[in-house]
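**Student:** Okay, so here is run00.cif, and as you'll see once you scroll down, it has mmCIF, C-alpha atoms.
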data_protein
loop_
_atom_site.label_atom_id
_atom_site.label_comp_id
_atom_site.auth_asym_id
_atom_site.auth_seq_id
_atom_site.Cartn_x
_atom_site.Cartn_y
_atom_site.Cartn_z
CA MET A 123 -27.00 51.88 4.30
CA ARG A 124 -23.51 52.05 5.77
CA GLN A 125 -20.53 51.85 3.43
CA ALA A 126 -19.22 48.55 4.87
CA THR A 127 -22.62 46.86 4.40
CA LEU A 128 -22.92 48.13 0.83
CA GLU A 129 -19.44 46.84 0.01
CA LYS A 130 -20.30 43.46 1.50
CA ASP A 131 -23.50 43.35 -0.59
CA ILE A 132 -21.61 44.08 -3.81
CA ARG A 133 -18.95 41.51 -2.93
CA ASP A 134 -21.65 38.93 -2.22
CA SER A 135 -23.48 39.72 -5.48
CA ILE A 136 -20.26 39.13 -7.39
CA LEU A 137 -19.61 35.83 -5.59
CA ASP A 138 -23.24 34.70 -6.07
CA ALA A 139 -22.83 35.36 -9.79
CA VAL A 140 -19.56 33.39 -9.83
CA GLY A 141 -21.24 30.42 -8.16
CA ARG A 142 -23.98 30.35 -10.82
CA LEU A 143 -21.48 30.72 -13.68
CA LEU A 144 -19.15 28.02 -12.34
CA GLY A 145 -22.15 25.70 -12.21
CA HIS A 146 -23.37 26.49 -15.72
CA TYR A 147 -20.21 27.04 -17.74
CA GLY A 148 -17.25 25.91 -15.66
CA TYR A 149 -14.13 27.85 -14.70
CA LYS A 150 -12.29 27.93 -18.03
CA LYS A 151 -15.14 29.39 -20.10
CA MET A 152 -16.11 31.98 -17.48
CA THR A 153 -14.76 35.50 -18.14
CA VAL A 154 -14.76 38.61 -15.95
CA ASP A 155 -17.21 40.10 -18.51
CA ASP A 156 -19.55 37.16 -17.85
CA ILE A 157 -19.32 37.79 -14.12
CA ALA A 158 -20.08 41.50 -14.53
CA HIS A 159 -23.07 40.72 -16.76
CA GLU A 160 -24.40 38.02 -14.44
CA ALA A 161 -24.02 40.25 -11.35
CA GLY A 162 -25.52 43.24 -13.18
CA ILE A 163 -22.59 45.56 -12.44
CA GLY A 164 -19.69 47.08 -14.39
CA LYS A 165 -16.51 45.14 -15.07
CA GLY A 166 -14.50 47.94 -13.43
CA THR A 167 -16.42 47.40 -10.17
CA ILE A 168 -15.35 43.77 -10.11
CA TYR A 169 -11.71 44.79 -10.35
CA LEU A 170 -12.25 47.06 -7.33
CA TYR A 171 -12.95 43.92 -5.31
CA PHE A 172 -10.89 41.21 -7.02
CA PRO A 173 -7.66 41.61 -9.05
CA SER A 174 -8.34 38.63 -11.38
CA LYS A 175 -10.74 35.88 -12.40
CA GLU A 176 -8.68 33.47 -10.32
CA GLU A 177 -9.11 35.67 -7.25
CA VAL A 178 -12.89 35.88 -7.73
CA ALA A 179 -13.10 32.08 -7.89
CA LEU A 180 -10.92 31.79 -4.79
CA GLY A 181 -13.14 34.39 -3.12
CA TRP A 182 -16.14 32.16 -3.83
CA ILE A 183 -14.39 29.13 -2.30
CA ASP A 184 -13.22 31.25 0.68
CA ARG A 185 -16.76 32.43 1.36
CA ALA A 186 -18.14 28.87 1.27
CA ASN A 187 -15.47 27.73 3.72
CA LYS A 188 -16.24 30.65 6.02
CA GLU A 189 -19.92 29.68 6.06
CA LEU A 190 -18.96 26.07 6.78
CA LEU A 191 -16.78 27.16 9.71
CA GLU A 192 -19.72 29.10 11.19
CA GLN A 193 -21.86 25.96 11.04
CA LEU A 194 -19.10 23.90 12.66
CA ASN A 195 -18.80 26.44 15.47
CA LEU A 196 -22.56 26.24 16.07
CA ILE A 197 -22.37 22.44 16.34
CA THR A 198 -19.50 22.66 18.84
CA ALA A 199 -21.44 25.21 20.92
CA SER A 200 -24.69 23.17 20.82
CA ASP A 201 -26.11 21.16 23.74
CA LEU A 202 -25.81 17.85 21.89
CA PRO A 203 -23.86 15.06 23.65
CA PRO A 204 -20.11 15.39 22.93
CA ASP A 205 -19.96 12.26 20.75
CA GLU A 206 -22.95 13.43 18.75
CA ARG A 207 -21.23 16.80 18.23
CA ILE A 208 -18.27 14.95 16.70
CA ARG A 209 -20.57 12.97 14.38
CA ARG A 210 -22.40 16.12 13.25
CA PHE A 211 -19.13 17.99 12.84
CA LEU A 212 -17.66 15.37 10.50
CA LEU A 213 -20.95 14.93 8.64
CA THR A 214 -21.29 18.68 8.13
CA ARG A 215 -17.72 19.25 6.91
CA VAL A 216 -18.27 16.68 4.18
CA MET A 217 -21.91 17.24 3.22
CA PHE A 218 -21.69 21.04 3.18
CA ARG A 219 -18.98 20.78 0.53
CA PHE A 220 -20.81 18.03 -1.34
CA ASP A 221 -23.93 20.19 -1.52
CA SER A 222 -22.04 23.32 -2.53
CA VAL A 223 -20.63 21.66 -5.66
CA GLN A 224 -23.62 19.52 -6.62
CA GLN A 225 -24.45 21.66 -9.64
CA PHE A 226 -20.85 21.55 -10.85
CA ALA A 227 -20.93 18.10 -12.44
CA GLN A 228 -17.82 17.72 -14.60
CA SER A 229 -16.57 21.26 -14.21
CA LEU A 230 -15.19 20.78 -10.72
CA ASP A 231 -12.02 19.02 -11.81
CA GLU A 232 -11.35 21.88 -14.18
CA LEU A 233 -11.65 24.47 -11.41
CA TYR A 234 -9.29 22.63 -9.07
CA VAL A 235 -6.76 21.75 -11.79
CA ALA A 236 -6.63 25.38 -12.97
CA MET A 237 -6.04 26.67 -9.46
CA ARG A 238 -4.15 23.73 -7.99
CA PRO A 239 -1.01 25.35 -6.52
CA ILE A 240 -2.74 28.35 -4.97
CA PHE A 241 -5.77 26.31 -3.92
CA HIS A 242 -3.65 23.70 -2.18
CA ALA A 243 -2.32 26.33 0.25
CA ARG A 244 -5.83 27.65 0.95
CA ARG A 245 -7.15 24.15 1.51
CA ASN A 246 -4.55 23.64 4.25
CA ARG A 247 -5.69 26.90 5.85
CA TYR A 248 -9.36 25.85 5.77
CA HIS A 249 -8.49 22.50 7.34
CA ASP A 250 -6.35 24.14 10.02
CA ALA A 251 -9.31 26.34 11.01
CA GLU A 252 -11.64 23.30 11.11
CA SER A 253 -9.06 21.40 13.12
CA GLN A 254 -9.05 24.08 15.85
CA VAL A 255 -12.83 23.94 16.21
CA LEU A 256 -12.81 20.14 16.29
CA ALA A 257 -10.00 20.07 18.89
CA HIS A 258 -12.22 22.28 21.04
CA ALA A 259 -15.11 19.81 20.66
CA LEU A 260 -12.78 16.97 21.67
CA ALA A 261 -11.57 18.88 24.73
CA GLN A 262 -15.20 19.42 25.80
CA GLY A 263 -15.72 15.64 25.69
CA ARG A 264 -12.54 14.98 27.65
CA VAL A 265 -13.45 17.51 30.35
CA VAL A 266 -16.79 15.78 31.04
CA GLY A 267 -14.99 12.42 31.09
CA ILE A 268 -16.45 10.94 27.90
CA PHE A 269 -13.40 10.93 25.64
CA HIS A 270 -9.93 9.72 26.42
CA CYS A 271 -7.79 11.88 24.26
CA GLU A 272 -4.27 12.95 25.10
CA ASP A 273 -3.54 15.41 22.33
CA GLU A 274 -6.75 16.94 20.98
CA ASN A 275 -4.97 18.91 18.27
CA ALA A 276 -3.30 15.80 16.86
CA VAL A 277 -6.51 13.74 17.05
CA ALA A 278 -8.52 16.52 15.40
CA ARG A 279 -6.10 16.63 12.48
CA LEU A 280 -6.26 12.83 12.11
CA MET A 281 -10.08 12.88 12.12
CA LEU A 282 -10.08 15.44 9.32
CA LEU A 283 -7.56 13.35 7.38
CA ALA A 284 -9.75 10.28 7.87
CA THR A 285 -12.69 12.03 6.18
CA ASN A 286 -10.75 14.02 3.55
CA SER A 287 -11.09 11.33 0.89
CA LEU A 288 -14.85 12.02 0.86
CA LEU A 289 -14.43 15.69 -0.01
CA PRO A 290 -15.04 16.89 -3.57
CA TYR A 291 -11.45 17.98 -4.11
CA SER A 292 -10.04 15.42 -6.48
CA LEU A 293 -13.26 13.66 -7.43
CA SER A 294 -16.14 15.02 -9.49
CA ALA A 295 -19.60 14.80 -7.94
CA GLY A 296 -20.31 11.82 -10.22
CA GLU A 297 -17.23 9.97 -8.98
CA LEU A 298 -18.02 10.77 -5.36
CA GLY A 299 -21.35 8.96 -5.50
CA GLN A 300 -24.87 9.51 -4.22
CA ARG A 301 -25.57 11.87 -1.33
CA ASP A 302 -26.97 9.18 0.99
CA GLU A 303 -23.98 6.92 0.27
CA ILE A 304 -21.54 9.67 1.26
CA GLU A 305 -23.53 10.39 4.41
CA ALA A 306 -23.43 6.71 5.40
CA LYS A 307 -19.66 6.60 4.80
CA VAL A 308 -18.95 9.69 6.93
CA LEU A 309 -21.11 8.38 9.78
CA GLY A 310 -19.47 4.97 9.47
CA ILE A 311 -16.01 6.50 9.80
CA ALA A 312 -17.18 8.69 12.70
CA ASP A 313 -18.59 5.70 14.61
CA MET A 314 -15.54 3.58 13.87
CA ILE A 315 -13.31 6.31 15.31
CA LEU A 316 -15.53 6.93 18.32
CA ASN A 317 -15.98 3.29 19.28
CA GLY A 318 -12.63 1.84 18.28
CA LEU A 319 -11.97 -1.66 17.13
CA LEU A 320 -10.22 -3.17 20.12
CA ARG A 321 -12.46 -4.77 22.70
CA ARG A 322 -13.29 -2.52 25.59
CA ASP A 323 -12.49 -5.10 28.25
CA THR A 324 -8.83 -5.30 27.23
CA SER A 325 -6.06 -2.98 26.17
CA ALA A 326 -3.74 -3.07 23.20
CA CYS A 327 -0.66 -3.73 25.36
CA VAL A 328 -2.27 -6.65 27.16
CA ILE A 329 -3.41 -8.12 23.85
CA ALA A 330 0.02 -7.90 22.29
CA ARG A 331 1.51 -9.71 25.30
CA ILE A 332 -1.15 -12.45 25.33
CA VAL A 333 -0.74 -13.13 21.64
CA HIS A 334 3.05 -13.19 21.83
CA GLU A 335 3.07 -15.47 24.85
CA LYS A 336 0.67 -18.05 23.48
CA PRO A 337 2.23 -21.54 22.98
CA GLU A 338 3.87 -21.98 19.57
CA MET B 102 12.69 -21.40 -20.89
CA ARG B 103 8.99 -22.15 -21.10
CA GLN B 104 6.80 -19.96 -23.30
CA ALA B 105 4.70 -18.60 -20.42
CA THR B 106 7.84 -17.52 -18.52
CA LEU B 107 9.32 -15.85 -21.59
CA GLU B 108 6.09 -13.95 -22.22
CA LYS B 109 6.02 -12.81 -18.60
CA ASP B 110 9.65 -11.65 -18.91
CA ILE B 111 8.90 -9.59 -22.01
CA ARG B 112 5.79 -8.13 -20.40
CA ASP B 113 7.80 -7.22 -17.30
CA SER B 114 10.58 -5.66 -19.40
CA ILE B 115 8.00 -3.48 -21.13
CA LEU B 116 6.45 -2.42 -17.82
CA ASP B 117 9.87 -1.76 -16.25
CA ALA B 118 10.66 0.52 -19.19
CA VAL B 119 7.30 2.30 -18.76
CA GLY B 120 8.03 2.92 -15.08
CA ARG B 121 11.39 4.52 -15.92
CA LEU B 122 9.91 6.65 -18.72
CA LEU B 123 6.96 7.83 -16.61
CA GLY B 124 9.47 8.94 -14.00
CA HIS B 125 11.76 10.75 -16.42
CA TYR B 126 9.42 12.22 -19.04
CA GLY B 127 5.86 11.90 -17.77
CA TYR B 128 2.87 10.28 -19.46
CA LYS B 129 2.12 12.85 -22.15
CA LYS B 130 5.61 12.98 -23.68
CA MET B 131 6.11 9.20 -23.61
CA THR B 132 5.47 7.43 -26.94
CA VAL B 133 5.24 3.72 -27.80
CA ASP B 134 8.48 4.22 -29.76
CA ASP B 135 10.14 5.46 -26.56
CA ILE B 136 8.91 2.39 -24.70
CA ALA B 137 10.23 0.05 -27.40
CA HIS B 138 13.61 1.80 -27.37
CA GLU B 139 13.85 1.82 -23.57
CA ALA B 140 12.88 -1.88 -23.35
CA GLY B 141 15.23 -2.81 -26.22
CA ILE B 142 12.52 -4.55 -28.26
CA GLY B 143 10.54 -3.82 -31.44
CA LYS B 144 7.47 -1.59 -31.40
CA GLY B 145 5.46 -4.44 -32.95
CA THR B 146 6.25 -6.64 -29.96
CA ILE B 147 4.76 -4.07 -27.61
CA TYR B 148 1.50 -4.13 -29.56
CA LEU B 149 1.43 -7.92 -29.14
CA TYR B 150 1.09 -7.31 -25.40
CA PHE B 151 -0.71 -3.98 -25.13
CA PRO B 152 -3.13 -2.36 -27.62
CA SER B 153 -2.20 1.24 -26.79
CA LYS B 154 0.03 3.56 -24.75
CA GLU B 155 -2.85 3.99 -22.30
CA GLU B 156 -3.05 0.23 -21.81
CA VAL B 157 0.70 -0.07 -21.16
CA ALA B 158 0.45 2.63 -18.49
CA LEU B 159 -2.56 0.89 -16.94
CA GLY B 160 -0.61 -2.37 -17.11
CA TRP B 161 2.15 -0.72 -15.09
CA ILE B 162 -0.36 0.48 -12.45
CA ASP B 163 -2.04 -2.97 -12.43
CA ARG B 164 1.26 -4.71 -11.81
CA ALA B 165 2.14 -2.39 -8.92
CA ASN B 166 -1.24 -3.02 -7.32
CA LYS B 167 -0.83 -6.78 -7.73
CA GLU B 168 2.55 -6.60 -5.95
CA LEU B 169 0.96 -4.53 -3.19
CA LEU B 170 -1.82 -7.09 -2.74
CA GLU B 171 0.77 -9.86 -2.35
CA GLN B 172 2.46 -7.87 0.44
CA LEU B 173 -0.89 -7.28 2.14
CA ASN B 174 -1.68 -11.00 2.00
CA LEU B 175 1.70 -11.77 3.61
CA ILE B 176 0.95 -9.34 6.45
CA THR B 177 -2.46 -10.93 7.05
CA ALA B 178 -0.90 -14.41 7.11
CA SER B 179 1.95 -13.38 9.44
CA ASP B 180 2.17 -14.26 13.14
CA LEU B 181 2.02 -10.63 14.26
CA PRO B 182 -0.69 -9.75 16.82
CA PRO B 183 -4.00 -8.98 15.04
CA ASP B 184 -3.93 -5.27 15.87
CA GLU B 185 -0.34 -5.01 14.63
CA ARG B 186 -1.40 -6.71 11.37
CA ILE B 187 -4.01 -3.97 10.88
CA ARG B 188 -1.39 -1.26 11.51
CA ARG B 189 1.07 -2.82 9.07
CA PHE B 190 -1.68 -3.37 6.50
CA LEU B 191 -2.73 0.28 6.48
CA LEU B 192 0.87 1.50 6.59
CA THR B 193 1.83 -0.73 3.65
CA ARG B 194 -1.14 0.20 1.44
CA VAL B 195 -0.16 3.85 1.74
CA MET B 196 3.65 3.69 1.78
CA PHE B 197 3.95 1.15 -1.05
CA ARG B 198 2.11 3.58 -3.32
CA PHE B 199 4.03 6.55 -1.98
CA ASP B 200 7.34 4.82 -2.75
CA SER B 201 6.25 3.64 -6.19
CA VAL B 202 5.59 7.21 -7.37
CA GLN B 203 8.44 8.97 -5.57
CA GLN B 204 10.39 9.58 -8.77
CA PHE B 205 7.32 10.98 -10.54
CA ALA B 206 7.38 14.48 -9.04
CA GLN B 207 5.04 16.68 -11.03
CA SER B 208 4.18 14.13 -13.71
CA LEU B 209 1.81 12.12 -11.52
CA ASP B 210 -1.12 14.52 -11.89
CA GLU B 211 -0.67 14.37 -15.63
CA LEU B 212 -0.88 10.56 -15.65
CA TYR B 213 -4.03 10.45 -13.54
CA VAL B 214 -5.74 13.32 -15.36
CA ALA B 215 -5.05 11.69 -18.75
CA MET B 216 -6.47 8.36 -17.64
CA ARG B 217 -9.04 9.57 -15.14
CA PRO B 218 -12.25 7.80 -16.28
CA ILE B 219 -10.70 4.41 -16.94
CA PHE B 220 -8.39 4.67 -13.94
CA HIS B 221 -11.26 5.48 -11.58
CA ALA B 222 -12.89 2.10 -12.33
CA ARG B 223 -9.59 0.25 -11.79
CA ARG B 224 -8.95 2.08 -8.58
CA ASN B 225 -12.27 0.80 -7.22
CA ARG B 226 -11.25 -2.73 -8.21
CA TYR B 227 -7.89 -2.42 -6.44
CA HIS B 228 -9.58 -1.15 -3.30
CA ASP B 229 -12.18 -3.93 -3.40
CA ALA B 230 -9.40 -6.51 -3.49
CA GLU B 231 -7.61 -4.81 -0.58
CA SER B 232 -10.87 -4.63 1.31
CA GLN B 233 -11.33 -8.41 1.11
CA VAL B 234 -7.87 -9.06 2.54
CA LEU B 235 -8.40 -6.51 5.30
CA ALA B 236 -11.82 -7.99 6.19
CA HIS B 237 -10.06 -11.33 6.61
CA ALA B 238 -7.53 -9.74 8.98
CA LEU B 239 -10.39 -8.21 10.98
CA ALA B 240 -12.18 -11.57 11.18
CA GLN B 241 -8.97 -13.17 12.54
CA GLY B 242 -8.92 -10.58 15.33
CA ARG B 243 -12.59 -11.13 16.11
CA VAL B 244 -12.20 -14.91 16.28
CA VAL B 245 -9.44 -14.67 18.90
CA GLY B 246 -11.57 -12.17 20.85
CA ILE B 247 -9.48 -9.06 20.31
CA PHE B 248 -11.73 -7.02 18.00
CA HIS B 249 -15.40 -6.32 18.39
CA CYS B 250 -16.52 -5.94 14.84
CA GLU B 251 -19.97 -6.87 13.57
CA ASP B 252 -19.54 -6.44 9.84
CA GLU B 253 -15.91 -6.94 8.82
CA ASN B 254 -16.55 -6.10 5.17
CA ALA B 255 -18.13 -2.76 6.04
CA VAL B 256 -15.41 -1.89 8.57
CA ALA B 257 -12.66 -2.87 6.10
CA ARG B 258 -14.09 -0.52 3.48
CA LEU B 259 -14.33 2.30 6.03
CA MET B 260 -10.70 1.76 7.10
CA LEU B 261 -9.56 2.04 3.49
CA LEU B 262 -11.64 5.18 3.04
CA ALA B 263 -10.12 6.64 6.20
CA THR B 264 -6.62 6.30 4.73
CA ASN B 265 -7.44 7.07 1.07
CA SER B 266 -6.70 10.78 1.44
CA LEU B 267 -3.03 9.86 2.01
CA LEU B 268 -2.71 8.02 -1.32
CA PRO B 269 -0.93 9.71 -4.23
CA TYR B 270 -4.04 9.81 -6.41
CA SER B 271 -4.99 13.44 -6.49
CA LEU B 272 -1.90 14.89 -4.89
CA SER B 273 1.60 15.06 -6.31
CA ALA B 274 4.41 13.66 -4.18
CA GLY B 275 5.36 17.24 -3.27
CA GLU B 276 1.85 18.03 -2.06
CA LEU B 277 1.65 14.77 -0.10
CA GLY B 278 4.62 15.68 2.06
CA GLN B 279 7.64 13.92 3.50
CA ARG B 280 7.78 10.15 3.84
CA ASP B 281 8.05 10.14 7.64
CA GLU B 282 5.14 12.58 7.94
CA ILE B 283 2.91 10.30 5.88
CA GLU B 284 3.97 7.29 7.94
CA ALA B 285 3.12 9.11 11.16
CA LYS B 286 -0.29 10.10 9.77
CA VAL B 287 -1.20 6.55 8.70
CA LEU B 288 -0.15 5.12 12.06
CA GLY B 289 -2.05 7.89 13.85
CA ILE B 290 -5.23 7.05 11.94
CA ALA B 291 -4.70 3.31 12.55
CA ASP B 292 -4.29 3.80 16.32
CA MET B 293 -7.24 6.17 16.49
CA ILE B 294 -9.42 3.55 14.78
CA LEU B 295 -8.10 0.68 16.89
CA ASN B 296 -8.43 2.44 20.24
CA GLY B 297 -11.49 4.58 19.68
CA LEU B 298 -12.23 7.88 21.28
CA LEU B 299 -14.95 6.98 23.75
CA ARG B 300 -13.76 5.96 27.17
CA ARG B 301 -13.55 2.23 27.62
CA ASP B 302 -15.39 2.17 30.94
CA THR B 303 -18.60 3.52 29.39
CA SER B 304 -20.65 3.06 26.26
CA ALA B 305 -22.00 5.57 23.79
CA CYS B 306 -25.60 4.81 24.77
CA VAL B 307 -24.94 5.34 28.46
CA ILE B 308 -23.12 8.58 27.71
CA ALA B 309 -25.93 9.97 25.59
CA ARG B 310 -28.39 9.22 28.41
CA ILE B 311 -26.23 10.76 31.11
CA VAL B 312 -25.68 13.94 29.13
CA HIS B 313 -29.33 14.28 28.22
CA GLU B 314 -30.51 13.68 31.78
CA LYS B 315 -28.15 16.19 33.43
CA PRO B 316 -29.95 19.09 35.18
CA GLU B 317 -30.60 22.05 32.87
#
Mind turning the file's structure into structure tokens?

**Tutor:**
Amino acid sequence: MRQATLEKDIRDSILDAVGRLLGHYGYKKMTVDDIAHEAGIGKGTIYLYFPSKEEVALGWIDRANKELLEQLNLITASDLPPDERIRRFLLTRVMFRFDSVQQFAQSLDELYVAMRPIFHARRNRYHDAESQVLAHALAQGRVVGIFHCEDENAVARLMLLATNSLLPYSLSAGELGQRDEIEAKVLGIADMILNGLLRRDTSACVIARIVHEKPE
Amino acid sequence: MRQATLEKDIRDSILDAVGRLLGHYGYKKMTVDDIAHEAGIGKGTIYLYFPSKEEVALGWIDRANKELLEQLNLITASDLPPDERIRRFLLTRVMFRFDSVQQFAQSLDELYVAMRPIFHARRNRYHDAESQVLAHALAQGRVVGIFHCEDENAVARLMLLATNSLLPYSLSAGELGQRDEIEAKVLGIADMILNGLLRRDTSACVIARIVHEKPE
């Protein structure tokens, strides 16, 4: 086994152990000794990979977001219709995170509160990466004449913002609600954004003029 | 002065004092003695109106949300074009809350964390009330033929969800960003929802068929 693969395996074993411990005990109670015991390796080995408990937890969140980004790239590269790619993209960015913290119950708040300042910066990085993939999916739809979209980067960021309130960042899984409810909400937002609210046989400018010109 | 008016004045004085104290000291440090001193009334009088410090703080949040709802009702009853009413509605629901916690800085997290379980239930009530007003605004637009919208209640809830991530619930004012940035984001989401992403000269069903039937 090559050195790089072995190192990746050890890193993954540590992060797998962290995921299980976060689910069972929560962030506060978890110690680096616990992680070493759960992963079946020495405490010193953990410090070779991560300088602190905080960094191990961030490593676990980083890995999950990397896996999510791979899934989002696959959706964008798929042969689904462009609007269906957008639906799947938004659904996946929410449900992947929902599923990854399902076993966390009450302990999620604790994790995010403990790591708030450093996590906030990472979260922006994750969303920036998602935004780039989504902008690409929007451009694909524009090129084949399905979307009208002047600034894909801006629209991509707005679409992420419009689904951010469904992410398990500030809410515990219990507060978020049932899985099928969240799914329905994401798809509802996706369809609302795709279809728009204004009637297709008019335009916003025309409407504003008609309404303003109607007799008092 | 009638009794009901006097009672409302005292209640408002207490809540005004709470707002100032939350801004200066934060929720944890604030005591009922502080509130009495700041409002210039006896501690016993406060307990005539509110059973606990928690209830005074909730009373302050309740009052702010009631004021917001009045503003939203005014927007819905205005003679602005229906799509402009929707824009103003969404802008107001976000910016009113942004402005009302501007002086809170870091202490906002503390307030929400301390009152999380009870506040979560209230928050749903506030949003339900907003949703009813927004559904009415959507129905107005449908009646005059501007919006196509089959289930106004469902769409209203989705529009609130799509702007919830911009509310100062989980984020401190610092994390939320600058006022003009938030404004631009709300308006961007509003326009995206109003206009839709799919081209107006086609429909989603037609698109899906075209894309699926294209030569491999």

**Student:** So that I can check the surroundings of Leu190 in chain A, please list as a list of chain:residue names every protein, DNA and RNA residue that reaches within 12 Å of it, counting all atoms listed in the file and ignoring chain neighbours fewer than 6 positions away.

**Tutor:**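 Non-adjacent residues within range: A:Ile183, A:Asp184, A:Leu196, A:Ile197, A:Phe211, A:Leu212, A:Leu213, A:Thr214, A:Arg215, A:Val216, A:Met217, A:Phe218, A:Arg219, A:Phe220, A:Asp221, A:Ser222, A:Tyr248, A:His249, A:Ala251, A:Glu252, A:Val255.
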
**Student:** For the file shown, report as a PDB file with C-alpha atoms, in the frame of the given file the outcome of the PyMOL selection byres ((chain B) within 6 of (chain A)) at residue level.

**Tutor:**
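Final file, expr.pdb:
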ATOM      1  CA  PRO B 182      -0.690  -9.750  16.820  1.00  0.00           C
ATOM      2  CA  ILE B 247      -9.480  -9.060  20.310  1.00  0.00           C
ATOM      3  CA  PHE B 248     -11.730  -7.020  18.000  1.00  0.00           C
ATOM      4  CA  HIS B 249     -15.400  -6.320  18.390  1.00  0.00           C
ATOM      5  CA  LEU B 259     -14.330   2.300   6.030  1.00  0.00           C
ATOM      6  CA  ALA B 263     -10.120   6.640   6.200  1.00  0.00           C
ATOM      7  CA  THR B 264      -6.620   6.300   4.730  1.00  0.00           C
ATOM      8  CA  ASN B 265      -7.440   7.070   1.070  1.00  0.00           C
ATOM      9  CA  SER B 266      -6.700  10.780   1.440  1.00  0.00           C
ATOM     10  CA  SER B 271      -4.990  13.440  -6.490  1.00  0.00           C
ATOM     11  CA  ILE B 290      -5.230   7.050  11.940  1.00  0.00           C
ATOM     12  CA  ILE B 294      -9.420   3.550  14.780  1.00  0.00           C
ATOM     13  CA  LEU B 295      -8.100   0.680  16.890  1.00  0.00           C
ATOM     14  CA  ASN B 296      -8.430   2.440  20.240  1.00  0.00           C
ATOM     15  CA  GLY B 297     -11.490   4.580  19.680  1.00  0.00           C
ATOM     16  CA  LEU B 298     -12.230   7.880  21.280  1.00  0.00           C
ATOM     17  CA  LEU B 299     -14.950   6.980  23.750  1.00  0.00           C
ATOM     18  CA  ARG B 300     -13.760   5.960  27.170  1.00  0.00           C
ATOM     19  CA  ARG B 301     -13.550   2.230  27.620  1.00  0.00           C
ATOM     20  CA  ALA B 309     -25.930   9.970  25.590  1.00  0.00           C
ATOM     21  CA  VAL B 312     -25.680  13.940  29.130  1.00  0.00           C
TER      22      VAL B 312
END

**Student:** For Ala240 in chain B, which residue out of B:Arg280, B:Lys130, B:Arg224, B:Arg186 is the nearest one, using only C-alpha atoms?

**Tutor:** B:Arg186

**Student:** For a test of reading the model, state the distance in Å between CA of Val178 in chain A and CA of Leu137 in chain A, rounded to one decimal.

**Tutor:**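 Separation between CA of Val178 in chain A and CA of Leu137 in chain A: 7.1 Å.
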
**Student:** So what does the PyMOL selection byres ((chain A and resi 136) around 8) actually pick up in this one, as a PDB file with C-alpha atoms, in the frame of the given file?

**Tutor:**
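Saved file part29.pdb follows:
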ATOM      1  CA  ILE A 132     -21.610  44.080  -3.810  1.00  0.00           C
ATOM      2  CA  ARG A 133     -18.950  41.510  -2.930  1.00  0.00           C
ATOM      3  CA  ASP A 134     -21.650  38.930  -2.220  1.00  0.00           C
ATOM      4  CA  SER A 135     -23.480  39.720  -5.480  1.00  0.00           C
ATOM      5  CA  LEU A 137     -19.610  35.830  -5.590  1.00  0.00           C
ATOM      6  CA  ASP A 138     -23.240  34.700  -6.070  1.00  0.00           C
ATOM      7  CA  ALA A 139     -22.830  35.360  -9.790  1.00  0.00           C
ATOM      8  CA  VAL A 140     -19.560  33.390  -9.830  1.00  0.00           C
ATOM      9  CA  ILE A 157     -19.320  37.790 -14.120  1.00  0.00           C
ATOM     10  CA  ALA A 158     -20.080  41.500 -14.530  1.00  0.00           C
ATOM     11  CA  ALA A 161     -24.020  40.250 -11.350  1.00  0.00           C
ATOM     12  CA  ILE A 168     -15.350  43.770 -10.110  1.00  0.00           C
TER      13      ILE A 168
END

**Student:** Go through the shown structure with the PyMOL selection byres ((chain A and resi 175) around 10) and write out the matching residues as a ChimeraX atom specification.

**Tutor:** /A:140,149-150,152-155,157,168-169,172-174,176-181

**Student:** Chain A least-squares fit onto chain B, all C-alpha atoms in order: RMSD in Å?

**Tutor:**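 Computed on C-alpha atoms only, the RMSD stands at 0.0 Å.
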
**Student:** Just how far from CA of Thr177 in chain B is CA of Ala238 in chain B, in Å to one decimal?

**Tutor:**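 Spanning CA of Ala238 in chain B to CA of Thr177 in chain B is a straight-line distance of 5.6 Å.
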